[in-house]
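**Q** Data: coords-v8.cif, mmCIF, C-alpha atoms.
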```
data_final
#
loop_
_atom_site.label_atom_id
_atom_site.label_comp_id
_atom_site.auth_asym_id
_atom_site.auth_seq_id
_atom_site.Cartn_x
_atom_site.Cartn_y
_atom_site.Cartn_z
CA MET E 1 0.00 0.00 0.00
CA GLU E 2 1.31 3.43 -0.94
CA CYS E 3 1.84 6.04 1.76
CA LEU E 4 -0.64 8.90 1.97
CA LEU E 5 1.22 12.18 1.34
CA GLY E 6 -1.72 14.52 1.97
CA LEU E 7 -4.96 15.75 0.48
CA LEU E 8 -5.38 17.85 -2.64
CA LYS E 9 -8.48 20.03 -2.46
CA VAL E 10 -9.58 20.97 -5.98
CA LYS E 11 -12.14 23.75 -6.16
CA VAL E 12 -13.88 23.53 -9.51
CA VAL E 13 -14.60 27.23 -9.94
CA ARG E 14 -16.17 27.61 -13.38
CA GLY E 15 -16.21 26.67 -17.04
CA VAL E 16 -15.77 29.28 -19.77
CA HIS E 17 -17.23 29.08 -23.30
CA LEU E 18 -17.82 25.34 -23.15
CA ALA E 19 -19.11 23.42 -26.18
CA ILE E 20 -22.80 23.57 -27.04
CA CYS E 21 -24.08 19.99 -26.90
CA ASP E 22 -27.83 20.65 -26.85
CA PRO E 23 -28.63 22.42 -30.14
CA LEU E 24 -32.30 23.02 -29.25
CA THR E 25 -31.38 25.15 -26.22
CA HIS E 26 -27.98 26.36 -27.53
CA SER E 27 -26.49 25.21 -24.24
CA SER E 28 -25.22 22.18 -22.35
CA ASP E 29 -25.71 20.50 -18.98
CA PRO E 30 -22.05 20.21 -17.95
CA TYR E 31 -20.38 18.39 -15.09
CA VAL E 32 -16.73 17.69 -14.27
CA VAL E 33 -15.05 14.36 -13.45
CA LEU E 34 -11.60 14.33 -11.78
CA ARG E 35 -9.54 11.14 -11.82
CA LEU E 36 -6.31 10.29 -10.06
CA ASP E 37 -5.15 6.69 -10.05
CA GLN E 38 -8.21 4.69 -8.89
CA GLN E 39 -10.03 7.72 -7.48
CA LYS E 40 -12.91 9.38 -9.31
CA VAL E 41 -14.88 12.40 -8.04
CA LYS E 42 -17.63 14.39 -9.78
CA SER E 43 -19.09 17.86 -9.60
CA SER E 44 -22.80 18.56 -9.72
CA ILE E 45 -24.55 19.11 -13.05
CA LYS E 46 -25.20 22.72 -14.09
CA TYR E 47 -28.19 22.87 -16.38
CA ARG E 48 -28.55 24.90 -19.59
CA THR E 49 -25.27 26.80 -19.56
CA ILE E 50 -21.95 26.94 -21.40
CA ASN E 51 -20.46 29.17 -18.67
CA PRO E 52 -21.21 27.17 -15.52
CA GLU E 53 -20.30 28.38 -12.02
CA TRP E 54 -19.64 25.42 -9.74
CA ASN E 55 -17.51 26.69 -6.84
CA GLU E 56 -17.42 23.09 -5.57
CA GLU E 57 -14.53 21.56 -3.68
CA LEU E 58 -13.54 17.99 -4.54
CA THR E 59 -10.89 16.09 -2.59
CA LEU E 60 -8.24 13.67 -3.83
CA SER E 61 -5.93 11.61 -1.61
CA ILE E 62 -2.37 11.89 -2.86
CA THR E 63 -0.18 8.80 -2.63
CA ASN E 64 1.92 9.29 -5.76
CA MET E 65 2.81 12.79 -6.90
CA MET E 66 4.14 11.53 -10.24
CA HIS E 67 0.65 10.83 -11.62
CA PRO E 68 -1.33 13.68 -13.22
CA VAL E 69 -4.87 14.66 -12.31
CA LYS E 70 -7.08 13.90 -15.31
CA ILE E 71 -10.20 15.92 -15.99
CA GLU E 72 -13.15 15.18 -18.22
CA LEU E 73 -16.18 17.37 -18.88
CA PHE E 74 -19.48 15.83 -19.89
CA ASP E 75 -22.89 17.02 -20.99
CA HIS E 76 -25.59 15.25 -18.97
CA ASP E 77 -28.26 13.56 -21.08
CA THR E 78 -31.35 11.98 -19.60
CA PHE E 79 -32.11 9.32 -22.21
CA THR E 80 -28.77 8.81 -23.98
CA LYS E 81 -25.11 8.40 -23.08
CA ASP E 82 -23.56 11.61 -21.74
CA ASP E 83 -21.60 13.55 -24.38
CA GLY E 84 -17.91 14.31 -23.89
CA MET E 85 -17.17 18.06 -23.77
CA GLY E 86 -13.38 17.88 -23.65
CA ASP E 87 -10.62 16.86 -21.30
CA ALA E 88 -7.44 18.15 -19.70
CA GLU E 89 -4.85 17.14 -17.16
CA PHE E 90 -2.31 18.76 -14.91
CA CYS E 91 0.82 17.59 -13.16
CA ILE E 92 0.93 17.88 -9.36
CA LEU E 93 4.64 17.12 -8.84
CA ASP E 94 5.83 20.72 -8.28
CA PHE E 95 2.76 21.54 -6.19
CA VAL E 96 3.22 18.56 -3.85
CA GLU E 97 7.00 19.02 -3.55
CA ILE E 98 6.45 22.64 -2.45
CA ALA E 99 3.57 21.70 -0.14
CA LYS E 100 5.72 19.11 1.65
CA GLN E 101 8.42 21.69 2.53
CA ASP E 102 8.61 23.54 5.83
CA LEU E 103 7.41 26.99 4.76
CA SER E 104 7.00 28.50 8.23
CA ASP E 105 9.74 31.11 7.58
CA VAL E 106 8.47 32.05 4.10
CA PRO E 107 6.70 35.44 3.90
CA ASP E 108 2.94 35.33 3.32
CA GLY E 109 2.01 35.82 -0.34
CA THR E 110 5.27 34.42 -1.72
CA VAL E 111 5.08 32.94 -5.22
CA MET E 112 6.99 29.68 -4.86
CA LYS E 113 6.92 28.72 -8.56
CA THR E 114 5.30 29.82 -11.81
CA ILE E 115 4.13 27.30 -14.39
CA TYR E 116 3.82 28.52 -17.96
CA PRO E 117 1.58 27.30 -20.78
CA GLU E 118 3.51 24.97 -23.10
CA LYS E 119 2.82 22.48 -25.88
CA ASP E 120 2.93 19.55 -23.48
CA ASN E 121 0.56 20.94 -20.83
CA CYS E 122 -3.05 22.15 -20.79
CA PHE E 123 -2.42 25.49 -19.07
CA ALA E 124 -4.19 28.40 -20.80
CA THR E 125 -2.40 31.04 -18.69
CA GLU E 126 0.60 31.12 -16.39
CA SER E 127 -0.14 29.70 -12.96
CA HIS E 128 1.49 30.54 -9.63
CA ILE E 129 2.04 28.13 -6.76
CA THR E 130 1.71 30.45 -3.77
CA TRP E 131 2.25 30.35 0.00
CA LYS E 132 -0.59 32.42 1.47
CA ASP E 133 -2.51 32.35 4.74
CA GLY E 134 -0.53 29.30 5.88
CA LYS E 135 -1.48 27.24 2.81
CA VAL E 136 0.06 26.25 -0.48
CA SER E 137 -2.42 27.09 -3.23
CA GLN E 138 -2.59 27.46 -6.99
CA ASP E 139 -5.08 29.00 -9.40
CA ILE E 140 -5.21 27.18 -12.74
CA VAL E 141 -6.95 27.89 -16.05
CA LEU E 142 -6.92 24.81 -18.30
CA LYS E 143 -7.63 24.75 -22.02
CA LEU E 144 -9.78 21.76 -22.87
CA ARG E 145 -8.56 19.24 -25.44
CA ASN E 146 -10.60 17.16 -27.88
CA THR E 147 -13.15 19.95 -28.31
CA ASP E 148 -13.37 23.18 -30.26
CA THR E 149 -13.81 25.50 -27.31
CA GLY E 150 -13.68 25.76 -23.54
CA GLU E 151 -11.59 26.42 -20.48
CA LEU E 152 -11.88 25.23 -16.90
CA VAL E 153 -10.90 27.35 -13.89
CA LEU E 154 -9.64 25.52 -10.79
CA HIS E 155 -8.21 26.49 -7.41
CA LEU E 156 -5.95 23.98 -5.63
CA HIS E 157 -4.86 23.89 -2.02
CA TRP E 158 -2.97 21.33 0.00
CA VAL E 159 -4.00 19.76 3.30
CA ASN E 160 -1.29 18.08 5.38
CA ILE E 161 -2.34 15.01 7.32
CA PRO E 162 -1.34 15.13 11.01
CA GLY E 163 1.31 12.50 11.70
CA VAL E 164 2.39 12.21 8.05
CA ALA E 165 6.04 13.17 7.62
CA ARG E 166 6.86 16.12 5.41
#
```
Have the structure of the file written as structure tokens, please.

**A**
Amino acid sequence: MECLLGLLKVKVVRGVHLAICDPLTHSSDPYVVLRLDQQKVKSSIKYRTINPEWNEELTLSITNMMHPVKIELFDHDTFTKDDGMGDAEFCILDFVEIAKQDLSDVPDGTVMKTIYPEKDNCFATESHITWKDGKVSQDIVLKLRNTDTGELVLHLHWVNIPGVAR
């Protein structure tokens, strides 16, 4: 059994200009699925929108920081299989390595690392891993793949588990 490193809290903030999957209403009924290893967590469904506001926090247990968090967006359908609305993923290695450090002497608001959009990642904008209010956090905007349009806005923060070594 792998050792639990800590918890990654992923706040699914909102979707921006998502694909229209329901042509009659010119909208979609989107929801988000996060996967990490064998874990799978889902947001609620937001009906009739291509710019959903979720502001929902989903939690993943981190045992291996080498594996990326995979994201899929779907359009909920009542009578047929849900339609895919795109996917993305992000690496948590830098985030977890920073979160596991002793940051007690680091000034509040310090940007610990900046991650830039590149060919091999899904970042739509640069993203800062920050030490603020006693927490390591990161705001991320991801460009969805396998679709014509759409971005997903996330906010990450780390939760240490008492008794787990840094």

**Q** Evaluate the PyMOL selection byres ((chain E and resi 92) around 10) here and jot the selected residues down as a list in words.

**A** Leu8, Ile62, Asn64, Met65, Met66, His67, Pro68, Val69, Glu89, Phe90, Cys91, Leu93, Asp94, Phe95, Val96, Glu97 and Leu156 of chain E

**Q** Spell out the residues picked by the PyMOL selection byres ((chain E and resi 145-152) around 8) here, as number ranges by chain.

**A** E: 12-19, 85-88, 122, 124, 141-144, 153-154

**Q** Considering only C-alpha atoms, state which residue in the set E:Leu7, E:His76, E:Lys132, E:Ile161 is at the smallest distance from Ser104 of chain E.

**A**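 For Ser104 of chain E, the nearest of the candidates is E:Lys132.
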
**Q** Please identify all polymer residues within 9 Å of Val111 of chain E, counting all atoms listed in the file, omitting same-chain residues fewer than 5 positions from it, and present them as a list in words.

**A** His128, Ile129, Thr130, Trp131 and Lys132 of chain E

**Q** For this file, the PyMOL selection byres ((chain E and resi 31) around 6) selects which residues, as a ChimeraX atom specification?

**A** /E:30,32,43-45,73-74

**Q** For a test of reading the model, state the distance in Å between atom CA of Arg35 of chain E and atom CA of Gly134 of chain E, rounded to one decimal.

**A**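 Separating atom CA of Arg35 of chain E from atom CA of Gly134 of chain E is a distance of 26.9 Å.
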